[in-house]
$ cat my_file_2.cif   # mmCIF, C-alpha atoms
data_target
#
loop_
_atom_site.label_atom_id
_atom_site.label_comp_id
_atom_site.auth_asym_id
_atom_site.auth_seq_id
_atom_site.Cartn_x
_atom_site.Cartn_y
_atom_site.Cartn_z
CA MET A 178 0.00 0.00 0.00
CA PHE A 179 1.72 3.20 -1.23
CA SER A 180 1.40 6.29 0.94
CA PHE A 181 3.32 9.24 2.43
CA GLU A 182 4.45 9.35 6.05
CA TYR A 183 4.32 13.17 6.14
CA PRO A 184 1.87 14.24 3.42
CA TYR A 185 1.54 17.72 4.98
CA ALA A 186 5.07 18.45 3.65
CA PHE A 187 3.46 19.15 0.27
CA ALA A 188 2.15 22.39 1.81
CA LEU A 189 5.67 23.71 1.24
CA LEU A 190 4.91 23.78 -2.48
CA LEU A 191 2.20 26.35 -1.83
CA LEU A 192 4.67 28.39 0.16
CA PHE A 193 7.22 28.14 -2.64
CA PHE A 194 4.84 29.26 -5.38
CA ALA A 195 3.48 32.05 -3.19
CA GLY A 196 7.00 33.33 -2.60
CA PHE A 197 7.89 32.98 -6.26
CA LYS A 198 4.91 35.08 -7.26
CA TRP A 199 4.82 37.79 -4.59
CA PHE A 200 8.37 37.97 -3.22
CA LYS A 201 10.58 38.26 -6.27
CA MET A 202 14.22 39.24 -5.84
CA ARG A 203 15.05 42.85 -6.60
CA SER A 204 17.83 43.44 -9.10
CA SER A 205 19.63 46.44 -10.60
CA ILE A 206 18.44 47.56 -14.01
CA LEU A 207 20.97 48.11 -16.75
CA ILE A 208 20.02 49.42 -20.15
CA PHE A 209 21.76 47.79 -23.10
CA PRO A 210 21.46 48.41 -26.79
CA ASN A 211 20.05 45.53 -28.80
CA LEU A 212 17.90 44.40 -25.82
CA PRO A 213 15.62 42.16 -27.95
CA LEU A 214 18.67 40.15 -29.04
CA LEU A 215 19.73 39.61 -25.43
CA GLN A 216 16.19 38.48 -24.47
CA GLN A 217 16.18 35.98 -27.32
CA VAL A 218 19.44 34.45 -26.09
CA GLU A 219 18.10 34.28 -22.53
CA HIS A 220 14.91 32.43 -23.53
CA LYS A 221 16.86 29.69 -25.29
CA GLY A 222 18.07 28.23 -21.99
CA GLY A 223 15.47 29.81 -19.76
CA TYR A 224 12.81 27.12 -20.10
CA ALA A 225 15.19 24.27 -19.31
CA ARG A 226 16.52 26.17 -16.29
CA LEU A 227 12.99 26.90 -15.06
CA ILE A 228 11.87 23.28 -15.45
CA SER A 229 15.03 22.09 -13.64
CA LYS A 230 14.28 24.42 -10.74
CA TYR A 231 10.65 23.27 -10.41
CA LEU A 232 11.57 19.58 -10.64
CA ALA A 233 14.28 20.04 -8.01
CA ILE A 234 11.84 21.68 -5.59
CA PHE A 235 9.11 19.11 -6.27
CA ALA A 236 11.52 16.16 -5.79
CA LEU A 237 12.87 17.68 -2.57
CA VAL A 238 9.38 18.22 -1.11
CA THR A 239 8.37 14.68 -2.11
CA ALA A 240 11.45 13.33 -0.31
CA LEU A 241 10.43 15.33 2.80
CA ALA A 242 6.94 13.76 2.58
CA SER A 243 8.68 10.37 2.81
CA PRO A 244 6.99 8.06 0.28
CA ILE A 245 6.62 4.50 1.61
CA ILE A 246 5.03 1.17 0.83
CA LYS A 247 3.33 -0.44 3.84
CA ASP A 248 2.97 -4.17 4.31
CA GLU A 249 0.70 -4.94 7.28
CA THR A 250 0.77 -8.29 9.08
CA ILE A 251 -1.90 -9.06 11.69
CA ILE A 252 -1.22 -11.87 14.15
CA GLN A 253 -4.18 -12.99 16.25
CA HIS A 254 -3.84 -14.27 19.78
CA GLY A 255 -7.09 -15.95 20.66
CA LYS A 256 -8.53 -17.39 23.79
CA GLY A 257 -10.38 -19.80 21.55
CA TYR A 258 -12.77 -22.46 22.73
CA GLU A 259 -12.93 -26.14 21.92
CA LEU A 260 -16.53 -27.18 21.34
CA SER A 261 -18.06 -30.55 20.72
CA LEU A 262 -21.44 -30.58 19.00
CA ILE A 263 -23.41 -33.72 19.88
CA LEU A 264 -26.49 -34.28 17.70
CA ASP A 265 -29.29 -36.79 17.94
CA VAL A 266 -29.82 -38.34 14.48
CA SER A 267 -32.13 -41.14 15.55
CA GLY A 268 -35.24 -41.99 13.53
CA SER A 269 -37.49 -39.69 15.55
CA MET A 270 -35.60 -36.65 14.26
CA HIS A 271 -37.43 -37.15 10.95
CA GLU A 272 -40.66 -35.95 12.58
CA SER A 273 -41.63 -32.38 11.68
CA ASN A 274 -38.27 -32.07 9.88
CA LYS A 275 -36.48 -31.58 13.20
CA ILE A 276 -33.19 -32.75 11.67
CA GLY A 277 -33.40 -30.13 8.90
CA ILE A 278 -34.14 -27.32 11.36
CA VAL A 279 -31.34 -28.39 13.69
CA LYS A 280 -28.82 -28.62 10.84
CA SER A 281 -29.57 -25.11 9.57
CA ILE A 282 -29.23 -23.59 13.05
CA VAL A 283 -26.08 -25.55 13.88
CA GLN A 284 -24.60 -24.42 10.55
CA GLU A 285 -25.05 -20.77 11.55
CA PHE A 286 -23.52 -21.52 14.93
CA ILE A 287 -20.44 -23.14 13.35
CA GLU A 288 -19.95 -20.24 10.93
CA ALA A 289 -20.05 -17.78 13.83
CA ARG A 290 -17.27 -19.61 15.76
CA LYS A 291 -14.42 -18.59 13.45
CA ASP A 292 -11.63 -18.77 16.04
CA ASP A 293 -12.61 -22.01 17.77
CA LYS A 294 -11.89 -25.69 17.26
CA LEU A 295 -15.06 -27.70 16.80
CA ALA A 296 -15.94 -31.39 16.76
CA LEU A 297 -19.10 -33.20 15.71
CA SER A 298 -20.53 -36.38 17.23
CA VAL A 299 -23.83 -38.05 16.32
CA PHE A 300 -25.89 -40.79 17.86
CA GLY A 301 -28.84 -43.07 17.18
CA ASP A 302 -28.64 -46.82 17.86
CA PHE A 303 -24.94 -46.15 18.49
CA ALA A 304 -22.71 -43.10 18.77
CA TYR A 305 -19.64 -42.10 16.83
CA VAL A 306 -17.35 -39.13 16.39
CA ALA A 307 -18.02 -37.81 12.90
CA VAL A 308 -15.39 -35.05 13.00
CA PRO A 309 -12.69 -34.69 15.70
CA LEU A 310 -11.64 -31.26 16.95
CA THR A 311 -10.62 -29.13 13.98
CA PHE A 312 -10.29 -25.56 12.71
CA ASP A 313 -11.43 -26.75 9.28
CA LYS A 314 -14.97 -25.38 9.28
CA SER A 315 -15.55 -26.14 5.60
CA SER A 316 -15.08 -29.90 6.11
CA LEU A 317 -17.25 -29.79 9.21
CA LEU A 318 -20.04 -27.97 7.39
CA ASP A 319 -19.78 -30.33 4.42
CA LEU A 320 -20.27 -33.36 6.63
CA LEU A 321 -23.09 -31.66 8.55
CA SER A 322 -24.94 -31.06 5.27
CA ARG A 323 -24.78 -34.80 4.51
CA LEU A 324 -26.25 -35.88 7.85
CA ASP A 325 -29.76 -37.24 7.99
CA ALA A 326 -31.93 -38.87 10.61
CA GLY A 327 -31.27 -42.60 10.76
CA VAL A 328 -27.58 -42.57 9.72
CA ALA A 329 -26.71 -44.13 13.09
CA GLY A 330 -29.79 -46.36 13.30
CA VAL A 331 -33.48 -45.63 13.75
CA HIS A 332 -34.62 -47.67 16.73
CA GLN A 333 -32.62 -46.56 19.76
CA THR A 334 -31.03 -43.49 21.34
CA ALA A 335 -27.47 -43.95 22.66
CA LEU A 336 -27.38 -40.58 24.44
CA TYR A 337 -24.98 -41.50 27.29
CA GLU A 338 -22.61 -43.26 24.90
CA ALA A 339 -22.52 -40.10 22.77
CA LEU A 340 -21.61 -37.93 25.77
CA TYR A 341 -18.94 -40.44 26.82
CA LEU A 342 -17.32 -40.65 23.37
CA SER A 343 -17.51 -36.91 22.83
CA SER A 344 -15.85 -36.27 26.20
CA ASN A 345 -12.92 -38.49 25.24
CA ILE A 346 -12.22 -36.20 22.31
CA PHE A 347 -10.76 -33.80 24.89
CA LYS A 348 -8.43 -36.39 26.41
CA THR A 349 -5.29 -34.68 25.11
CA SER A 350 -6.68 -31.15 25.04
CA THR A 351 -4.84 -28.37 26.84
CA SER A 352 -7.56 -25.76 26.27
CA LYS A 353 -9.02 -24.06 29.34
CA ASN A 354 -12.39 -23.66 27.62
CA LYS A 355 -14.00 -26.97 26.74
CA ILE A 356 -17.67 -27.02 25.85
CA ALA A 357 -20.14 -29.67 24.69
CA ILE A 358 -23.62 -28.95 23.34
CA LEU A 359 -25.81 -32.03 23.46
CA LEU A 360 -29.11 -31.96 21.55
CA THR A 361 -31.70 -34.72 21.65
CA ASP A 362 -35.40 -35.39 21.20
CA GLY A 363 -35.34 -38.73 23.03
CA MET A 364 -34.30 -40.73 26.07
CA ASP A 365 -31.36 -43.10 26.32
CA ASN A 366 -32.56 -46.65 25.71
CA ALA A 367 -29.37 -48.18 24.27
CA GLY A 368 -27.92 -48.98 27.70
CA THR A 369 -24.33 -49.12 26.43
CA ILE A 370 -22.85 -46.61 28.90
CA PRO A 371 -24.22 -45.75 32.38
CA ILE A 372 -25.13 -42.11 32.89
CA ASP A 373 -22.79 -41.68 35.86
CA VAL A 374 -19.83 -42.90 33.78
CA ALA A 375 -20.69 -40.43 31.02
CA ILE A 376 -20.97 -37.53 33.50
CA ARG A 377 -17.74 -38.45 35.33
CA THR A 378 -15.87 -38.57 32.02
CA ALA A 379 -17.10 -35.06 31.16
CA GLN A 380 -16.10 -33.86 34.63
CA LYS A 381 -12.69 -35.52 34.35
CA TYR A 382 -11.80 -33.44 31.33
CA HIS A 383 -13.48 -30.30 32.72
CA ILE A 384 -16.11 -30.10 30.00
CA LYS A 385 -19.09 -27.82 30.46
CA VAL A 386 -22.12 -29.51 28.91
CA TYR A 387 -25.11 -27.56 27.63
CA THR A 388 -28.10 -29.84 27.05
CA ILE A 389 -31.03 -29.11 24.75
CA GLY A 390 -34.29 -31.03 24.70
CA VAL A 391 -36.12 -30.72 21.36
CA GLY A 392 -39.87 -31.26 20.98
CA GLY A 393 -42.35 -31.90 23.78
CA SER A 394 -41.22 -32.63 27.33
CA ASN A 395 -42.63 -36.15 27.00
CA ASP A 396 -40.21 -36.92 24.16
CA TYR A 397 -37.07 -36.55 26.28
CA ASN A 398 -36.25 -36.78 29.98
CA PRO A 399 -35.86 -33.21 31.36
CA THR A 400 -34.52 -34.50 34.68
CA VAL A 401 -31.68 -36.41 33.03
CA LEU A 402 -30.68 -33.51 30.77
CA GLN A 403 -30.85 -31.10 33.69
CA THR A 404 -28.65 -33.41 35.78
CA ILE A 405 -25.99 -33.66 33.05
CA ALA A 406 -25.91 -29.88 32.68
CA LYS A 407 -25.87 -29.20 36.42
CA GLU A 408 -23.12 -31.73 37.19
CA THR A 409 -20.83 -30.29 34.52
CA GLY A 410 -21.51 -26.60 35.08
CA GLY A 411 -23.70 -26.14 32.01
CA ILE A 412 -27.33 -25.15 31.45
CA PHE A 413 -30.36 -27.15 30.37
CA PHE A 414 -32.64 -25.70 27.68
CA GLU A 415 -35.98 -26.76 26.26
CA ALA A 416 -36.85 -25.97 22.63
CA ASN A 417 -40.34 -26.56 21.28
CA SER A 418 -39.98 -24.32 18.22
CA LYS A 419 -37.43 -23.30 15.63
CA GLN A 420 -37.35 -19.76 17.00
CA ARG A 421 -36.63 -21.01 20.51
CA LEU A 422 -33.86 -23.28 19.26
CA GLU A 423 -32.24 -20.35 17.43
CA GLU A 424 -32.42 -18.30 20.62
CA ILE A 425 -30.73 -21.09 22.58
CA TYR A 426 -27.75 -21.37 20.23
CA HIS A 427 -27.40 -17.58 20.17
CA GLN A 428 -27.46 -17.54 23.96
CA ILE A 429 -24.79 -20.23 24.21
CA ASP A 430 -22.71 -18.38 21.63
CA SER A 431 -22.85 -15.17 23.69
CA LEU A 432 -22.18 -16.97 26.97
CA GLU A 433 -19.11 -18.77 25.63
CA LYS A 434 -17.66 -16.13 23.33
CA SER A 435 -13.97 -16.26 22.48
CA GLU A 436 -11.89 -13.22 23.35
CA ILE A 437 -9.60 -12.49 20.42
CA THR A 438 -6.83 -9.89 20.49
CA ALA A 439 -4.48 -9.07 17.67
CA ASP A 440 -1.03 -7.58 17.20
CA LYS A 441 -0.43 -5.59 14.02
CA TYR A 442 3.03 -5.36 12.54
CA VAL A 443 3.72 -2.84 9.77
CA LYS A 444 6.72 -3.24 7.50
CA LYS A 445 7.68 0.02 5.76
CA GLU A 446 9.81 0.35 2.65
CA TYR A 447 11.16 3.88 2.16
CA PHE A 448 11.72 5.62 -1.20
CA PHE A 449 12.67 9.18 -0.12
CA GLN A 450 16.30 8.63 -1.10
CA TYR A 451 15.42 8.33 -4.80
CA PHE A 452 13.58 11.64 -4.78
CA LEU A 453 16.42 13.25 -2.80
CA ILE A 454 18.95 12.10 -5.40
CA GLY A 455 16.66 13.37 -8.16
CA SER A 456 16.41 16.73 -6.41
CA LEU A 457 20.21 17.03 -6.24
CA VAL A 458 20.49 16.12 -9.92
CA PHE A 459 17.99 18.79 -10.97
CA MET A 460 19.63 21.35 -8.69
CA GLY A 461 22.99 20.62 -10.31
CA LEU A 462 21.44 20.95 -13.76
CA TYR A 463 19.85 24.25 -12.71
CA MET A 464 23.20 25.60 -11.52
CA ILE A 465 24.95 24.55 -14.73
CA LEU A 466 22.31 26.24 -16.89
CA SER A 467 22.40 29.37 -14.72
CA ASN A 468 26.19 29.65 -15.01
CA LYS A 469 26.01 29.30 -18.78
CA GLU A 470 23.72 32.28 -18.92
#
$ encode --input "my_file_2.cif" --output "structure tokens"
Amino acid sequence: MFSFEYPYAFALLLLFFAGFKWFKMRSSILIFPNLPLLQQVEHKGGYARLISKYLAIFALVTALASPIIKDETIIQHGKGYELSLILDVSGSMHESNKIGIVKSIVQEFIEARKDDKLALSVFGDFAYVAVPLTFDKSSLLDLLSRLDAGVAGVHQTALYEALYLSSNIFKTSTSKNKIAILLTDGMDNAGTIPIDVAIRTAQKYHIKVYTIGVGGSNDYNPTVLQTIAKETGGIFFEANSKQRLEEIYHQIDSLEKSEITADKYVKKEYFFQYFLIGSLVFMGLYMILSNKE
């Protein structure tokens, strides 16, 4: 990016032209015969001398203005979060297009968390980690778009297994901010992992779990979801509409917002020396032409 460090130096040009116009040097007047002949000789080198003088002044003022090219580098230092998104993709998520609504809202949530590492786990008859913790949001969003209810089975809900597996994602994490958002419209009936084991694993790795019950309160177990949230320092939410679900994700986003600071480094390349040399060259040319006259 080309700019001048001291652009106000160009005000000197106004001062120069003002002085040239209104403060001319007084000189003695001598009367010679054949004056027109002398004026003709003077004009032959006068234009070159005048141009040399103007170019010398302009180059000198430009050098004083210090022309530079800036190259800015911004380095971010983020207190980023590590978040695990745990989604119920059991067969019941087909009802009322709950899976489609959840995917669109989660997509917005992912896009808003630019400085965080995110993971995605899903569960139905069984649970699995679809995407481990990553900064690659494009891959995460691509896989999210391909999810559909029933991809992990349609008959059961392995909710505790999903929490357990998702918590183990953080086994080697050194982040101070570890969050899990567990969304379901059902109750655990897979029986693969006890609830206390799942909660202890989340506590072991210091994971704050936000739980979201989707649909009517008879579809999921509010007491269980509230217990998971309370034991891990999170909050339990109930969402019976798309608007409410959007509000919940916005609330979680604001509660667990990353604090990002940045250092800006500016590399400057200076070019004043070229204009200074040019000014000296034109001054020398001006002096030579003046002496010839």
$ atom_distance --input "my_file_2.cif" --atom1 "CA of Val328 (chain A)" --atom2 "CA of Ile372 (chain A)"
23.3 Å
$ atom_distance --input "my_file_2.cif" --atom1 "CA of Ser343 (chain A)" --atom2 "CA of Gly301 (chain A)"
14.1 Å
$ closest_atom_pairs --input "my_file_2.cif" --of "region 234-284 of chain A" --to "region 345-348 of chain A" --cutoff "10 Å" --atoms "all atoms listed in the file" --output "tab-separated table"
residue	atom	partner	partner_atom	distance
A:Glu259	CA	A:Phe347	CA	8.5
A:Leu260	CA	A:Phe347	CA	9.5
A:Ser261	CA	A:Ile346	CA	8.3
$ resolve_selection --input "my_file_2.cif" --expression "the PyMOL selection byres ((chain A and resi 422) around 12)" --output "PyMOL selection string"
chain A and resi 275+278-283+285-286+360-361+388-392+414-421+423-429
$ residues_around --input "my_file_2.cif" --residues "Gly330 (chain A)" --least-positions-apart "2" --cutoff "8 Å" --atoms "only C-alpha atoms" --output "PyMOL selection string"
chain A and resi 267-268+301-303+327-328+332-333
$ residues_around --input "my_file_2.cif" --residues "region 313-316 of chain A" --least-positions-apart "4" --cutoff "10 Å" --atoms "all atoms listed in the file" --output "ChimeraX atom specification"
/A:284,287-288,290-291,293-296,308,320-322
$ resolve_selection --input "my_file_2.cif" --expression "the PyMOL selection byres ((chain A and resi 238-248) around 7)" --output "list in words"
Met178, Phe179, Ser180, Phe181, Glu182, Tyr183, Pro184, Ala186, Phe187, Ile234, Phe235, Ala236, Leu237, Glu249, Thr250, Val443, Lys444, Lys445, Glu446, Tyr447, Phe448, Phe449, Gln450, Phe452 and Leu453 of chain A
$ residues_around --input "my_file_2.cif" --residues "Ala225 (chain A)" --least-positions-apart "5" --cutoff "10 Å" --atoms "all atoms listed in the file" --output "ChimeraX atom specification"
/A:220,230,462-463,466-467
$ atom_distance --input "my_file_2.cif" --atom1 "CA of Thr409 (chain A)" --atom2 "CA of Leu359 (chain A)"
12.3 Å
$ closest_residue --input "my_file_2.cif" --among "A:Leu264, A:Ser394, A:Leu189, A:Ser269" --to "Ala307 (chain A)" --atoms "only C-alpha atoms"
A:Leu264
$ residues_around --input "my_file_2.cif" --residues "Thr404 (chain A)" --least-positions-apart "4" --cutoff "12 Å" --atoms "all atoms listed in the file" --output "ChimeraX atom specification"
/A:372-373,375-376,386-388,398-400,408-414
$ resolve_selection --input "my_file_2.cif" --expression "the PyMOL selection byres ((chain A and resi 335) around 9)" --output "ChimeraX atom specification"
/A:265,267,300-304,333-334,336-340,364-370
$ closest_residue --input "my_file_2.cif" --among "A:Asn354, A:Leu232, A:Lys434, A:Ser344" --to "Ser456 (chain A)" --atoms "all atoms listed in the file"
A:Leu232
$ closest_residue --input "my_file_2.cif" --among "A:Leu318, A:Gln380, A:Met270, A:Asp325" --to "Tyr341 (chain A)" --atoms "all atoms listed in the file"
A:Gln380
